[in-house]
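Trainee: Pasting a structure below so you can have a look.
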Amino acid sequence: MELQTHLIKFAFSRHPNLRKQLTTLYSSSRCFGHARNLFDQSTEPNTLVSWSALISRYVQNGFHKEALLAFNEMFTLGVKCNEFTFPSVLKACSIKKDLNMGKKVHAMTVVSGFESDAFVSNTLVVMYAKCGEFIDSKKLFGMILEPGVVSWNVMFSCHVQSGFLGDSVDLFKRMVEGEVRPNEFSLSIILNACAGLRDGSLGRTVHGFLMKLGHGLDQFSANALVDMYAKGGRIEDAVAVFREIIHPDTVSWNAVIAGCVLHDYNELALILLNEMKKLGTCCPNVFTLSSALKACAAMGFKDLGRQIHSCLVKIDTDSDLFVAVGLIDLYSKCEMMDDARRVYDLMPTKKDSIAWNALISGYSQCGDDLQAVSLFFKMHHENIEFNQTTLSTVLKSVASLQAIKVCKQIHTISMKSGIYSDFYVINSLLDTYGKCSHIDEASKIFQERTWEDLVAYTSMITAYSQYGDGEEALKLYLQMQVADIKPDPFVCSSLLNACANLSAYEQGKQLHVHAIKFGFMSDIFASNSLVNMYAKCGSIEDAGHAFSEIQQRGIVSWSAMIGGLAQHGHGKEALELFNQMLEDRVSPNHITLVSVLCACNHAGLVNEGKQYFEAMEEKFAIKPTQEHYACMIDLLGRSGKLNEAVELVNSIPFEADGSVWGALLGAARIHKNVELGKKAAEMLFALEPDKSGTHVLLANIYASAGMWENVASVRKVMKNSNVKKEPGMSWIEVKDKIHTFIVGDRNHSRSDEIYAKLDELNDLLSKAGYSPVTEIDIHNVNQSEKEKLLYHHSEKLAVAFGLLATPAGAPIRVKKNLRVCVDCHTFLKFVSKVVSRQIVVRDINRFHHFKDGSCSCGDYW
């Protein structure tokens, strides 16, 4: 201003050259008001050079609106543009994304003949690209006869900045095929594209170009290479390039450390951070420490995480939301929710959804599901915008809580908020309804979805499997195959569990083949489910083979095999396997010890059972639960030690549940102890009044003692209380189909053949010495009527069908929902001998392998 004052004073300001220089000075100093005043006062304001200079300065200094206004004024005055003016104006259009003005300027370039100028054509390409018109941009680029490296770079840059990384890579390949030599800027842009695509292979090729073309690794290129290799997962290459940098700056360190964390090289990331601190040439900044926080969170390094937290406090990051979320994540994963909550509470009053999500996720991960759900509703009440991540996370907690009402509330909220159609939300709702055993709602969501995906099928198959509807689970798997969706180990595990519950041996074998085909045998969940499936389908030999192929056996693997052996009556083998497990230094859990006690029970090993029970707390630090007491009472009761069983019931340090009193009632039935049975039944009536099994067992005890008035009294109580006896049901699998039978069933398509087969068997068995065991029937009718009632039991119908429908000599496998009665047990022993077939029956308590007239249980069941 002082200079202008002097010029005015001495009348030099009228000199055109001095005025232009002063205008340029003001423009360069961003004093555009003074520059424009001088320009307007000029006696030669309409010169192209003056306008071009003014517009160029506007654009260079970010005054794009003013540049376009000046251009309009220049056009109005009739001043024509040249190859220097057009690029400036087009650049302003690009930044303002003013496509209409850009098209007008484009038309002017065509009319004036400057469209073919290299600078103008390149700027037009950029303008159309930045305004989102990539088709027009590519069309213009294609019109350049021999585009040079600058033109190609323009295209790369536009595509990368707009997020079209794959297209930029394709363009780079075209440029190289056209024998245009890339320069450092070309390679730098493509390296950024490779980093975004995480394509380490292509990045390596670009690296080769850098070396081949003789470009030295300047700091910028080296950092871009480190970033590219790190994001592409080629951590060794990233570190190798990093080591070649003589003086790595903070960007270099951040790139390599962040890459390590991104691909779970967390230990290496922390080693590099320590190295950075020791060298002291660069100080870690907020980005470095944020990456280190993620590494600590992943590895559970809470002490180091606290130290990093202290460093962040020193560099004053209190207002940095990204850092705060990282700290919440760290403390959550280290199960330090008090600290996580403290960080959250110290954040600025206005917290965004990311911070809320981090805390909700932390509570959910740490098992504090009530707090997670409560926080979500607080978030909703405060009108904080949530997203699919919020709902997916909180629905996991709802599933854990089995809170079906809350699930329905969130379902409604998701619909009102407009994010119900989101992929993650629908799958989370499907999963939650399934885990809450609301199969109808889950099925409705599954049917209404508009896409086919593995997650939805897995949730629905798992729900059916857990709900006990294995047939529907297997049907869905067939649909999944038709939809050409490949299973994963988890869905394979769920399907194997469905087969286990159905005793669907043949379908389980087919799934075993699929597991091998898809390479799931190395997955511990699928392998454990395979052992469980074969054990529950009656083939303990196949279960043993599957168990032997598991490389890294965990407690679930051992427990599944020990439990399988116990259920099949191989008590001694189960105990031997348990001892082998202890030798392998695998500690048992409460489930393993239930299986061990069951093994002793099924094999009648009373002394061994006592030893294991008494050593539980002292040797394995496991306090006996209801299940352990029930197993032990059942063992003592079955072996006739009723007084000891009663003493053990009285010594239980908590209130005994139905399983304990049920075991005592079962022992009373075996030994026909009316008084003990009556006492146990009275306790069960109080605990489980709607359970029909208690009434039936008590009636059996009275019937075996000939106390028919008492039997009638029990039946009357059942009728008055509306307690219905659970009907006996049996299942048998033939040719991948499950056939179901109930007592006295006449609904099967081959009923006539089945009953004819039973008549045939009765004749053969009578000649072999079989006579019906009628004392267990609670109906006060004559002998012939009792024999007729026993004749129609469901397992007999299933076995008769099996003899008709399976090849001669093939094993017959049957599952029953109740315990096998004495008569059916005797009947099946005779059948196995007369027809020379192995018959495997899985009842509610154990497996019975009938062969050559004897049973694996030794008649101890």
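If you're wondering about the labels, chains in the structure tokens are A, B, ... by order shown, residues count from 1 in each chain, ligands from 1 in order shown.
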Which neighbours of region 169-182 of chain A fall inside 12 Å, counting only C-alpha atoms, when residues of the same chain fewer than 4 positions from it are skipped, and could you give them as a PyMOL selection string?

Mentor: chain A and resi 138+141-142+146-160+163-165+186-197+199+202-203+205-206+209-210+212-215

Trainee: Please provide as a list in words all residues within 6 Å of Ala574 (chain A), with the sequence filter that same-chain residues fewer than 5 positions apart are discarded (counting only C-alpha atoms).

Mentor: Ile562, Leu565 and Ala566 of chain A

Trainee: Any chance you can output those residues with N, CA and C atoms as a short mmCIF file (atom, residue, chain, number, x, y, z; two decimals), in the first residue's frame?

Mentor:
```cif
data_model
loop_
_atom_site.label_atom_id
_atom_site.label_comp_id
_atom_site.auth_asym_id
_atom_site.auth_seq_id
_atom_site.Cartn_x
_atom_site.Cartn_y
_atom_site.Cartn_z
N ILE A 562 -15.28 -89.54 25.27
CA ILE A 562 -15.51 -90.20 26.57
C ILE A 562 -17.00 -90.38 26.80
N LEU A 565 -18.36 -93.18 24.50
CA LEU A 565 -18.04 -94.52 25.03
C LEU A 565 -18.93 -94.86 26.23
N ALA A 566 -19.17 -93.88 27.09
CA ALA A 566 -20.01 -94.10 28.27
C ALA A 566 -21.43 -94.45 27.85
#
```

Trainee: DSSP says strand (DSSP E) for which residues of region 557-789 of chain A? Put them as a ChimeraX atom specification?

Mentor: /A:729-734,737-742

Trainee: Output C-alpha atoms for every residue in that selection, as an mmCIF file, in the first residue's frame.

Mentor:
```cif
data_model
loop_
_atom_site.group_PDB
_atom_site.id
_atom_site.type_symbol
_atom_site.label_atom_id
_atom_site.label_comp_id
_atom_site.auth_asym_id
_atom_site.auth_seq_id
_atom_site.Cartn_x
_atom_site.Cartn_y
_atom_site.Cartn_z
ATOM 1 C CA MET A 729 -42.005 -92.588 19.708
ATOM 2 C CA SER A 730 -39.270 -94.245 17.688
ATOM 3 C CA TRP A 731 -37.354 -93.156 14.584
ATOM 4 C CA ILE A 732 -35.471 -95.176 11.997
ATOM 5 C CA GLU A 733 -33.522 -93.907 8.976
ATOM 6 C CA VAL A 734 -33.836 -95.790 5.686
ATOM 7 C CA LYS A 737 -35.480 -90.682 5.013
ATOM 8 C CA ILE A 738 -36.543 -90.639 8.661
ATOM 9 C CA HIS A 739 -39.553 -92.881 9.454
ATOM 10 C CA THR A 740 -41.428 -92.134 12.684
ATOM 11 C CA PHE A 741 -43.554 -94.570 14.693
ATOM 12 C CA ILE A 742 -45.737 -94.137 17.771
#
```

Trainee: Mind checking which residues fall within 9 Å of Lys130 (chain A), counting only C-alpha atoms, ignoring those fewer than 5 positions away in the same chain, and posting them as a PDB file with all heavy atoms, in the first residue's frame?

Mentor:
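File written: part_12.pdb
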```pdb
ATOM      1  N   SER A  94     -13.729 -27.501 -12.535  1.00  0.00           N
ATOM      2  CA  SER A  94     -13.484 -28.818 -11.929  1.00  0.00           C
ATOM      3  C   SER A  94     -13.675 -28.764 -10.428  1.00  0.00           C
ATOM      4  O   SER A  94     -14.357 -29.617  -9.826  1.00  0.00           O
ATOM      5  CB  SER A  94     -12.059 -29.296 -12.235  1.00  0.00           C
ATOM      6  OG  SER A  94     -11.849 -29.415 -13.609  1.00  0.00           O
ATOM      7  N   ILE A  95     -13.038 -27.759  -9.813  1.00  0.00           N
ATOM      8  CA  ILE A  95     -13.064 -27.665  -8.352  1.00  0.00           C
ATOM      9  C   ILE A  95     -14.462 -27.314  -7.858  1.00  0.00           C
ATOM     10  O   ILE A  95     -14.933 -27.844  -6.849  1.00  0.00           O
ATOM     11  CB  ILE A  95     -12.011 -26.655  -7.859  1.00  0.00           C
ATOM     12  CG1 ILE A  95     -10.610 -27.192  -8.214  1.00  0.00           C
ATOM     13  CG2 ILE A  95     -12.125 -26.423  -6.354  1.00  0.00           C
ATOM     14  CD1 ILE A  95      -9.502 -26.197  -8.072  1.00  0.00           C
ATOM     15  N   LYS A  97     -17.066 -28.085  -9.433  1.00  0.00           N
ATOM     16  CA  LYS A  97     -17.946 -29.111 -10.009  1.00  0.00           C
ATOM     17  C   LYS A  97     -19.117 -28.456 -10.761  1.00  0.00           C
ATOM     18  O   LYS A  97     -20.269 -28.903 -10.666  1.00  0.00           O
ATOM     19  CB  LYS A  97     -18.442 -30.078  -8.929  1.00  0.00           C
ATOM     20  CG  LYS A  97     -17.344 -30.970  -8.377  1.00  0.00           C
ATOM     21  CD  LYS A  97     -17.895 -32.025  -7.456  1.00  0.00           C
ATOM     22  CE  LYS A  97     -16.865 -33.081  -7.078  1.00  0.00           C
ATOM     23  NZ  LYS A  97     -15.501 -32.672  -6.911  1.00  0.00           N
ATOM     24  N   VAL A 125     -10.325 -33.212 -19.868  1.00  0.00           N
ATOM     25  CA  VAL A 125     -10.432 -34.583 -19.354  1.00  0.00           C
ATOM     26  C   VAL A 125     -10.631 -34.568 -17.844  1.00  0.00           C
ATOM     27  O   VAL A 125     -11.500 -35.251 -17.290  1.00  0.00           O
ATOM     28  CB  VAL A 125      -9.173 -35.410 -19.729  1.00  0.00           C
ATOM     29  CG1 VAL A 125      -9.153 -36.740 -18.967  1.00  0.00           C
ATOM     30  CG2 VAL A 125      -9.126 -35.661 -21.225  1.00  0.00           C
ATOM     31  N   CYS A 158      -7.383 -38.719 -11.882  1.00  0.00           N
ATOM     32  CA  CYS A 158      -8.829 -38.520 -11.759  1.00  0.00           C
ATOM     33  C   CYS A 158      -9.525 -39.780 -11.246  1.00  0.00           C
ATOM     34  O   CYS A 158     -10.403 -39.713 -10.382  1.00  0.00           O
ATOM     35  CB  CYS A 158      -9.432 -38.138 -13.108  1.00  0.00           C
ATOM     36  SG  CYS A 158      -8.979 -36.480 -13.635  1.00  0.00           S
ATOM     37  N   HIS A 159      -9.145 -40.914 -11.779  1.00  0.00           N
ATOM     38  CA  HIS A 159      -9.786 -42.167 -11.374  1.00  0.00           C
ATOM     39  C   HIS A 159      -9.460 -42.520  -9.927  1.00  0.00           C
ATOM     40  O   HIS A 159     -10.329 -42.975  -9.177  1.00  0.00           O
ATOM     41  CB  HIS A 159      -9.372 -43.305 -12.316  1.00  0.00           C
ATOM     42  CG  HIS A 159     -10.109 -43.309 -13.611  1.00  0.00           C
ATOM     43  ND1 HIS A 159      -9.809 -42.444 -14.643  1.00  0.00           N
ATOM     44  CD2 HIS A 159     -11.155 -44.057 -14.040  1.00  0.00           C
ATOM     45  CE1 HIS A 159     -10.631 -42.664 -15.658  1.00  0.00           C
ATOM     46  NE2 HIS A 159     -11.460 -43.640 -15.312  1.00  0.00           N
ATOM     47  N   GLN A 161      -8.585 -40.420  -7.481  1.00  0.00           N
ATOM     48  CA  GLN A 161      -9.237 -39.465  -6.588  1.00  0.00           C
ATOM     49  C   GLN A 161     -10.739 -39.718  -6.474  1.00  0.00           C
ATOM     50  O   GLN A 161     -11.341 -39.435  -5.451  1.00  0.00           O
ATOM     51  CB  GLN A 161      -8.985 -38.038  -7.082  1.00  0.00           C
ATOM     52  CG  GLN A 161      -7.556 -37.564  -6.863  1.00  0.00           C
ATOM     53  CD  GLN A 161      -7.302 -36.196  -7.477  1.00  0.00           C
ATOM     54  OE1 GLN A 161      -8.240 -35.464  -7.793  1.00  0.00           O
ATOM     55  NE2 GLN A 161      -6.039 -35.861  -7.656  1.00  0.00           N
ATOM     56  N   SER A 162     -11.340 -40.290  -7.525  1.00  0.00           N
ATOM     57  CA  SER A 162     -12.776 -40.572  -7.499  1.00  0.00           C
ATOM     58  C   SER A 162     -13.091 -41.973  -6.986  1.00  0.00           C
ATOM     59  O   SER A 162     -14.249 -42.389  -6.973  1.00  0.00           O
ATOM     60  CB  SER A 162     -13.366 -40.392  -8.904  1.00  0.00           C
ATOM     61  OG  SER A 162     -13.161 -39.071  -9.353  1.00  0.00           O
TER      62      SER A 162
END
```

Trainee: Quick one: of A:Asp98, A:Ala808, A:Tyr229, A:Ile555, who's nearest to Gly132 (chain A), counting only C-alpha atoms?

Mentor: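 Result for the nearest residue to Gly132 (chain A): A:Asp98.
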
Trainee: Pick the closest to Ser639 (chain A) from A:Asn607, A:Gln481, A:Asn274, A:Ser595: which is it, counting only C-alpha atoms?

Mentor: A:Asn607

Trainee: Looking at A:Cys857, A:Val226, A:Met521, A:Ala645, which one is nearest to Gly604 (chain A), with distances taken over only C-alpha atoms?

Mentor: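 Counting only C-alpha atoms, the residue closest to Gly604 (chain A) is A:Cys857.
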
Trainee: Might you pull out every residue within 12 Å of Leu648 (chain A), with only C-alpha atoms counted and same-chain residues fewer than 3 positions away left off, and present them as a list in words?

Mentor: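 Counting only the stated atoms, we get Lys610, Phe613, Glu614, Gln626, His628, Tyr629, Ala630, Cys631, Met632, Ile633, Asp634, Leu635, Leu636, Gly637, Lys641, Leu642, Asn643, Glu644, Ala645, Ser651, Ile652, Pro653, Phe654, Ala656, Val660, Trp661, Ala663 and Leu664 of chain A.
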
Trainee: What is the CA of Tyr612 (chain A)-CA of Phe578 (chain A) distance in Å, reported with one decimal?

Mentor: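 A separation of 11.1 Å between them.
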
Trainee: Between CA of Met683 (chain A) and CA of Met718 (chain A), what is the distance, to one decimal in Å?

Mentor: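 About the pair CA of Met683 (chain A) and CA of Met718 (chain A): they are 16.0 Å apart.
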
Trainee: Please list as a count of residues only every residue within 8 Å of region 665-681 of chain A, counting only C-alpha atoms and excluding residues in the same chain fewer than 4 positions away.

Mentor: 16

Trainee: Pick from A:Ser794, A:Gln552, A:Thr389, A:Gln447: nearest to Ile419 (chain A), with only C-alpha atoms counted?

Mentor: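 Using only C-alpha atoms, Ile419 (chain A) sits closest to A:Thr389.
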